[in-house]
Every structure is written in structure tokens, then in C-alpha cells.
Amino acid sequence: MTTSTTAADRTAAWTAWHDAHEAARADEHGFLAITSIRWLGAEPERFDDAPGTWSTSADGPVAVLDDGQSIVVDGVEVTGTHRFGPLPERSGTDVVWQDGDETVVIEVARRGGSDVVRPRHPGNPTRTGYTGTPAYEPTPDFVVEAHFEPFDEPRSVTVGSVVDGLQHVYEAPGVLTFDLDGPRSLLAFNGYGGGLLVLFRDRTSGVTTYAANRSLDVPAPDADGRTTIDFNRATNLPCAYTPHATCPLPPAENHLDVAVEAGERLPA
């Protein structure tokens, strides 16, 4: 009876987590709402899904709005010219624009050394036509105890991107070692809330799961380096759904020679 109750609780917890993840993915201004990615240059350009003209320089992105147009930046309504200033790598700010009856959020960000603009329209067909992401049934077979082995100093690791020629640099504090049908290891990046982030591929990639990558949040290790990797919570990155993403690719050492039949599968 105890085993059955534990299994039911585990399944319920996973279902609640995945439902919340799906809701965030399909949010009216989530990445499914992105209508384009615009790589800004020195010459001002007009885009059919954003107001005014946009350009960038060493001083950061600049938006020049037409007469009668306005945007909201950090809660303040802006008209005319707005200078965002230099953006740190992998940072961004959200701009709100009222396009008729539709409230649009425009992401102004820096990716791979370039400034980009990504408008998010709630009515984008990619979002309105989304039917969900299937996943493997959660199983304890893919919940593994792991040991974190820190480097003497965190390492800056350059990885590729789904965008040709684009590269990302992540800080890797160490390596996770574990057993999954044999001894395995994964290079870990700094994650959220003191945890770790893992990007990986495996034998299911391009077969039943997204070919380029999947990601996984791993709880912060304890003082002895112990943590748990739950592959049931492996998720697709935005590039599995939209061509307007700049997702990183896993480092070569994170290509697992085992079929991880857990977590999210190919989008429906």
C-alpha cells in the first residue's frame, strides 16, 4: 500500500509540474507568441510586427517611434526616441506595445554578441494552434542519484547554437557523475536559485525526442556533492517550437550513449 501511495504521489507531483510548464509555454506572451527575430544593425529598419524603426550600435539598441506611437518601458510610457543602453549578454528587457486591440510584448535582448528584437503577439498561429507536448510516463527508473565534482575554478565553456555561426558562453562549475545503465557524466552549468543546468542529447534525440537538445534543472548539491537527477523533468527548449530562437547546443561531452526514455518528447 505504501509503495502504491508513493508512486501515486510521485505521478501527481510530476503531472502538476508538467501542467505548469505547459501553461507557461503557452502563455499569451510566451515564446510560442514570437512572430520574428530581428538582428539589429547600424541602419534603422522597420518591421511589420513592431512599431517605428530599430537600430543598434556600441551604445545599445535604439527605437524611434512614429508620431502617435508609444511603447511602455519599465512601466513608463515612451514616445519619440528611446535608447536602451548597452545590454549585457543573455540579458533583455520587455517593451509593451498596444497594436490595435492586441497587447504585444517586444523582447529587446542581446544574444551571441548581437542585439535582437523579438515581438510576441498573442494571436501568433504558433501559439493559438499549439496542442501540447507529449511526454514519457514518469518512472523512477530515470531518477538517479548523482555526485557533483566541482572544478578548482569555474570554466567558461563555449557551445554552439541552433543559429548557424552563433555561439554561447556558459559558466561550468563542475561535472555530475551518476549511473544510468552504466557510469555516465554531464557537464553542468550554473542554473537557477543555486541549482545546476544541464543540456544534453541521447539515443532518443531525433527519434522520439527533439534532435538538437533537451534541458534539465538539477537541485543544488549538498555539502558532500550529492544531488538527484530526475530525467522525467527533461524539457524542450524554445527552438523545438519556433525558428525564432537562439537556443544553445549541448557540449560534446553531454551526448549520452543511452536512450533516456523520460521527459518531454517531440512536440505534437
# chains A, B, ... in the order shown; residues from 1 in each chain; ligands from 1
>>> closest_atom_pairs(of="range 5-38 of chain A", to="range 245-258 of chain A", cutoff="9 Å", atoms="only C-alpha atoms", output="tab-separated table")
residue	atom	partner	partner_atom	distance
A:Phe31	CA	A:Ala245	CA	8.4
A:Ile34	CA	A:Ala245	CA	8.9
A:Ile37	CA	A:Ala245	CA	7.6
>>> closest_atom_pairs(of="range 90-203 of chain A", to="range 59-68 of chain A", cutoff="10 Å", atoms="only C-alpha atoms", output="CSV")
residue,atom,partner,partner_atom,distance
A:Val108,CA,A:Pro61,CA,7.9
A:Ala109,CA,A:Pro61,CA,8.9
A:Arg110,CA,A:Gly60,CA,9.4
A:Ser114,CA,A:Gly60,CA,9.8
A:Asp115,CA,A:Pro61,CA,6.8
A:Val116,CA,A:Pro61,CA,8.4
A:Val117,CA,A:Pro61,CA,9.1
>>> closest_residue(among="A:Gly52, A:Ala12, A:His244, A:Glu261", to="Val162 in chain A", atoms="only C-alpha atoms")
A:His244
>>> residues_around(residues="Ala23 in chain A", least_positions_apart="6", cutoff="12 Å", atoms="only C-alpha atoms", output="list in words")
Ala16, Trp17, His29, Gly30, Phe31, Leu32, Arg127, Tyr130, Thr131, Gly132 and Thr133 of chain A
>>> write_last_selection(atoms="N, CA and C atoms", output="CSV table (one decimal), in the first residue's frame")
chain,number,residue,atom,x,y,z
A,16,ALA,N,1.5,17.8,-12.0
A,16,ALA,CA,1.3,19.2,-11.7
A,16,ALA,C,2.5,20.1,-12.2
A,17,TRP,N,3.7,19.6,-12.1
A,17,TRP,CA,4.9,20.3,-12.7
A,17,TRP,C,4.7,20.5,-14.2
A,29,HIS,N,2.2,35.7,-23.9
A,29,HIS,CA,3.4,36.4,-24.3
A,29,HIS,C,4.6,35.4,-24.1
A,30,GLY,N,4.4,34.1,-24.1
A,30,GLY,CA,5.5,33.2,-24.1
A,30,GLY,C,6.2,33.0,-25.4
A,31,PHE,N,7.1,32.1,-25.5
A,31,PHE,CA,7.9,32.0,-26.7
A,31,PHE,C,7.1,31.5,-27.9
A,32,LEU,N,6.0,30.9,-27.7
A,32,LEU,CA,5.1,30.5,-28.8
A,32,LEU,C,4.5,31.7,-29.5
A,127,ARG,N,1.2,29.9,-31.5
A,127,ARG,CA,0.6,29.8,-30.1
A,127,ARG,C,-0.8,29.3,-30.2
A,130,TYR,N,-1.2,25.7,-30.9
A,130,TYR,CA,-0.5,24.7,-30.0
A,130,TYR,C,-1.4,23.7,-29.4
A,131,THR,N,-1.0,22.4,-29.5
A,131,THR,CA,-1.9,21.4,-28.9
A,131,THR,C,-1.2,20.6,-27.8
A,132,GLY,N,0.0,21.1,-27.4
A,132,GLY,CA,0.6,20.4,-26.2
A,132,GLY,C,1.8,19.6,-26.6
A,133,THR,N,2.6,19.2,-25.6
A,133,THR,CA,3.8,18.4,-25.9
A,133,THR,C,3.7,17.1,-25.1
>>> select_by_dssp(residues="range 22-208 of chain A", states="strand (DSSP E or B)", output="MDAnalysis selection string")
chainID A and resid 34 38:39 45:46 53:55 62:64 71:73 76:78 81:83 92:99 102:111 114:120 135 143:161 167:179 183:190 196:201 205
>>> residues_around(residues="Glu28 in chain A", least_positions_apart="6", cutoff="10 Å", atoms="only C-alpha atoms", output="PyMOL selection string")
chain A and resi 34+103-105+120-124+127-128
>>> write_last_selection(atoms="C-alpha atoms", output="compact mmCIF listing (two decimals), in the first residue's frame")
# COMPACT_ATOMS: atom_id res chain seq x y z
CA ILE A 34 7.15 35.15 -31.03
CA THR A 103 -1.19 43.87 -26.42
CA VAL A 104 2.24 42.97 -27.79
CA VAL A 105 5.36 42.36 -25.71
CA ARG A 120 5.43 38.44 -29.04
CA HIS A 121 1.90 38.62 -30.44
CA PRO A 122 -0.72 36.55 -28.56
CA GLY A 123 -2.53 35.82 -31.84
CA ASN A 124 0.51 34.20 -33.45
CA ARG A 127 0.63 29.80 -30.13
CA THR A 128 -3.05 29.61 -31.00
>>> atom_distance(atom1="CA of Arg111 in chain A", atom2="CA of Glu171 in chain A")
15.6 Å
>>> closest_residue(among="A:Ala262, A:His82, A:Tyr241, A:Val72", to="Ala26 in chain A", atoms="only C-alpha atoms")
A:Tyr241
>>> atom_distance(atom1="CA of Tyr192 in chain A", atom2="CA of Phe151 in chain A")
18.9 Å
>>> decode(residues="range 204-220 of chain A", atoms="all heavy atoms", output="PDB file, in the first residue's frame")
ATOM      1  N   THR A 204      17.696   8.870 -27.917  1.00  0.00           N
ATOM      2  CA  THR A 204      16.337   9.156 -28.399  1.00  0.00           C
ATOM      3  C   THR A 204      16.283  10.427 -29.244  1.00  0.00           C
ATOM      4  O   THR A 204      15.281  10.677 -29.914  1.00  0.00           O
ATOM      5  CB  THR A 204      15.346   9.331 -27.225  1.00  0.00           C
ATOM      6  OG1 THR A 204      15.637  10.548 -26.526  1.00  0.00           O
ATOM      7  CG2 THR A 204      15.409   8.149 -26.278  1.00  0.00           C
ATOM      8  N   SER A 205      17.354  11.236 -29.199  1.00  0.00           N
ATOM      9  CA  SER A 205      17.337  12.536 -29.885  1.00  0.00           C
ATOM     10  C   SER A 205      17.169  12.356 -31.391  1.00  0.00           C
ATOM     11  O   SER A 205      17.927  11.616 -32.034  1.00  0.00           O
ATOM     12  CB  SER A 205      18.635  13.296 -29.601  1.00  0.00           C
ATOM     13  OG  SER A 205      18.795  13.507 -28.211  1.00  0.00           O
ATOM     14  N   GLY A 206      16.174  13.028 -31.947  1.00  0.00           N
ATOM     15  CA  GLY A 206      15.880  12.906 -33.367  1.00  0.00           C
ATOM     16  C   GLY A 206      15.040  11.695 -33.708  1.00  0.00           C
ATOM     17  O   GLY A 206      14.695  11.485 -34.874  1.00  0.00           O
ATOM     18  N   VAL A 207      14.712  10.898 -32.702  1.00  0.00           N
ATOM     19  CA  VAL A 207      13.880   9.706 -32.908  1.00  0.00           C
ATOM     20  C   VAL A 207      12.523   9.941 -32.240  1.00  0.00           C
ATOM     21  O   VAL A 207      11.501  10.108 -32.907  1.00  0.00           O
ATOM     22  CB  VAL A 207      14.559   8.435 -32.365  1.00  0.00           C
ATOM     23  CG1 VAL A 207      13.692   7.204 -32.650  1.00  0.00           C
ATOM     24  CG2 VAL A 207      15.945   8.266 -32.978  1.00  0.00           C
ATOM     25  N   THR A 208      12.524   9.959 -30.929  1.00  0.00           N
ATOM     26  CA  THR A 208      11.286  10.244 -30.194  1.00  0.00           C
ATOM     27  C   THR A 208      11.352  11.571 -29.450  1.00  0.00           C
ATOM     28  O   THR A 208      10.335  12.044 -28.947  1.00  0.00           O
ATOM     29  CB  THR A 208      10.984   9.127 -29.177  1.00  0.00           C
ATOM     30  OG1 THR A 208      12.104   9.011 -28.280  1.00  0.00           O
ATOM     31  CG2 THR A 208      10.738   7.803 -29.875  1.00  0.00           C
ATOM     32  N   THR A 209      12.558  12.159 -29.355  1.00  0.00           N
ATOM     33  CA  THR A 209      12.708  13.447 -28.678  1.00  0.00           C
ATOM     34  C   THR A 209      13.364  14.434 -29.634  1.00  0.00           C
ATOM     35  O   THR A 209      13.918  14.053 -30.671  1.00  0.00           O
ATOM     36  CB  THR A 209      13.554  13.323 -27.394  1.00  0.00           C
ATOM     37  OG1 THR A 209      14.882  12.900 -27.737  1.00  0.00           O
ATOM     38  CG2 THR A 209      12.930  12.327 -26.434  1.00  0.00           C
ATOM     39  N   TYR A 210      13.296  15.720 -29.276  1.00  0.00           N
ATOM     40  CA  TYR A 210      13.815  16.778 -30.140  1.00  0.00           C
ATOM     41  C   TYR A 210      15.295  16.567 -30.415  1.00  0.00           C
ATOM     42  O   TYR A 210      16.085  16.289 -29.514  1.00  0.00           O
ATOM     43  CB  TYR A 210      13.570  18.132 -29.478  1.00  0.00           C
ATOM     44  CG  TYR A 210      14.058  19.296 -30.297  1.00  0.00           C
ATOM     45  CD1 TYR A 210      13.641  19.486 -31.612  1.00  0.00           C
ATOM     46  CD2 TYR A 210      14.946  20.213 -29.747  1.00  0.00           C
ATOM     47  CE1 TYR A 210      14.095  20.556 -32.360  1.00  0.00           C
ATOM     48  CE2 TYR A 210      15.397  21.298 -30.481  1.00  0.00           C
ATOM     49  CZ  TYR A 210      14.972  21.460 -31.795  1.00  0.00           C
ATOM     50  OH  TYR A 210      15.435  22.526 -32.538  1.00  0.00           O
ATOM     51  N   ALA A 211      15.685  16.716 -31.679  1.00  0.00           N
ATOM     52  CA  ALA A 211      17.019  16.324 -32.120  1.00  0.00           C
ATOM     53  C   ALA A 211      18.140  17.163 -31.528  1.00  0.00           C
ATOM     54  O   ALA A 211      19.212  16.642 -31.201  1.00  0.00           O
ATOM     55  CB  ALA A 211      17.089  16.382 -33.647  1.00  0.00           C
ATOM     56  N   ALA A 212      17.929  18.479 -31.379  1.00  0.00           N
ATOM     57  CA  ALA A 212      19.045  19.366 -31.043  1.00  0.00           C
ATOM     58  C   ALA A 212      19.467  19.278 -29.588  1.00  0.00           C
ATOM     59  O   ALA A 212      20.663  19.287 -29.279  1.00  0.00           O
ATOM     60  CB  ALA A 212      18.688  20.805 -31.389  1.00  0.00           C
ATOM     61  N   ASN A 213      18.505  19.199 -28.685  1.00  0.00           N
ATOM     62  CA  ASN A 213      18.851  19.297 -27.271  1.00  0.00           C
ATOM     63  C   ASN A 213      17.623  19.083 -26.395  1.00  0.00           C
ATOM     64  O   ASN A 213      16.489  19.163 -26.863  1.00  0.00           O
ATOM     65  CB  ASN A 213      19.446  20.679 -26.950  1.00  0.00           C
ATOM     66  CG  ASN A 213      18.554  21.813 -27.433  1.00  0.00           C
ATOM     67  OD1 ASN A 213      17.342  21.681 -27.510  1.00  0.00           O
ATOM     68  ND2 ASN A 213      19.163  22.938 -27.774  1.00  0.00           N
ATOM     69  N   ARG A 214      17.870  18.804 -25.148  1.00  0.00           N
ATOM     70  CA  ARG A 214      16.875  18.940 -24.085  1.00  0.00           C
ATOM     71  C   ARG A 214      17.596  19.546 -22.879  1.00  0.00           C
ATOM     72  O   ARG A 214      18.820  19.478 -22.780  1.00  0.00           O
ATOM     73  CB  ARG A 214      16.233  17.597 -23.717  1.00  0.00           C
ATOM     74  CG  ARG A 214      15.225  17.113 -24.750  1.00  0.00           C
ATOM     75  CD  ARG A 214      14.374  15.949 -24.244  1.00  0.00           C
ATOM     76  NE  ARG A 214      15.135  14.708 -24.146  1.00  0.00           N
ATOM     77  CZ  ARG A 214      14.706  13.622 -23.515  1.00  0.00           C
ATOM     78  NH1 ARG A 214      13.525  13.619 -22.897  1.00  0.00           N
ATOM     79  NH2 ARG A 214      15.445  12.518 -23.469  1.00  0.00           N
ATOM     80  N   SER A 215      16.820  20.142 -21.988  1.00  0.00           N
ATOM     81  CA  SER A 215      17.430  20.765 -20.811  1.00  0.00           C
ATOM     82  C   SER A 215      16.851  20.171 -19.544  1.00  0.00           C
ATOM     83  O   SER A 215      15.752  19.604 -19.548  1.00  0.00           O
ATOM     84  CB  SER A 215      17.226  22.285 -20.823  1.00  0.00           C
ATOM     85  OG  SER A 215      15.877  22.605 -20.599  1.00  0.00           O
ATOM     86  N   LEU A 216      17.596  20.349 -18.470  1.00  0.00           N
ATOM     87  CA  LEU A 216      17.203  19.742 -17.204  1.00  0.00           C
ATOM     88  C   LEU A 216      17.750  20.576 -16.062  1.00  0.00           C
ATOM     89  O   LEU A 216      18.945  20.905 -16.025  1.00  0.00           O
ATOM     90  CB  LEU A 216      17.767  18.317 -17.132  1.00  0.00           C
ATOM     91  CG  LEU A 216      17.323  17.420 -15.982  1.00  0.00           C
ATOM     92  CD1 LEU A 216      15.820  17.221 -15.991  1.00  0.00           C
ATOM     93  CD2 LEU A 216      18.021  16.064 -16.098  1.00  0.00           C
ATOM     94  N   ASP A 217      16.873  20.960 -15.139  1.00  0.00           N
ATOM     95  CA  ASP A 217      17.305  21.632 -13.915  1.00  0.00           C
ATOM     96  C   ASP A 217      17.619  20.579 -12.861  1.00  0.00           C
ATOM     97  O   ASP A 217      16.849  19.644 -12.652  1.00  0.00           O
ATOM     98  CB  ASP A 217      16.207  22.562 -13.394  1.00  0.00           C
ATOM     99  CG  ASP A 217      15.970  23.751 -14.316  1.00  0.00           C
ATOM    100  OD1 ASP A 217      16.958  24.274 -14.852  1.00  0.00           O
ATOM    101  OD2 ASP A 217      14.798  24.144 -14.495  1.00  0.00           O
ATOM    102  N   VAL A 218      18.746  20.762 -12.200  1.00  0.00           N
ATOM    103  CA  VAL A 218      19.205  19.817 -11.180  1.00  0.00           C
ATOM    104  C   VAL A 218      19.327  20.574  -9.856  1.00  0.00           C
ATOM    105  O   VAL A 218      19.931  21.655  -9.812  1.00  0.00           O
ATOM    106  CB  VAL A 218      20.561  19.196 -11.568  1.00  0.00           C
ATOM    107  CG1 VAL A 218      21.064  18.248 -10.485  1.00  0.00           C
ATOM    108  CG2 VAL A 218      20.450  18.473 -12.908  1.00  0.00           C
ATOM    109  N   PRO A 219      18.770  20.032  -8.770  1.00  0.00           N
ATOM    110  CA  PRO A 219      18.870  20.728  -7.476  1.00  0.00           C
ATOM    111  C   PRO A 219      20.317  20.947  -7.056  1.00  0.00           C
ATOM    112  O   PRO A 219      21.217  20.173  -7.411  1.00  0.00           O
ATOM    113  CB  PRO A 219      18.158  19.774  -6.513  1.00  0.00           C
ATOM    114  CG  PRO A 219      17.264  18.938  -7.379  1.00  0.00           C
ATOM    115  CD  PRO A 219      17.986  18.788  -8.677  1.00  0.00           C
ATOM    116  N   ALA A 220      20.531  22.003  -6.294  1.00  0.00           N
ATOM    117  CA  ALA A 220      21.873  22.302  -5.796  1.00  0.00           C
ATOM    118  C   ALA A 220      22.411  21.125  -4.983  1.00  0.00           C
ATOM    119  O   ALA A 220      21.689  20.552  -4.160  1.00  0.00           O
ATOM    120  CB  ALA A 220      21.844  23.556  -4.935  1.00  0.00           C
TER     121      ALA A 220
END
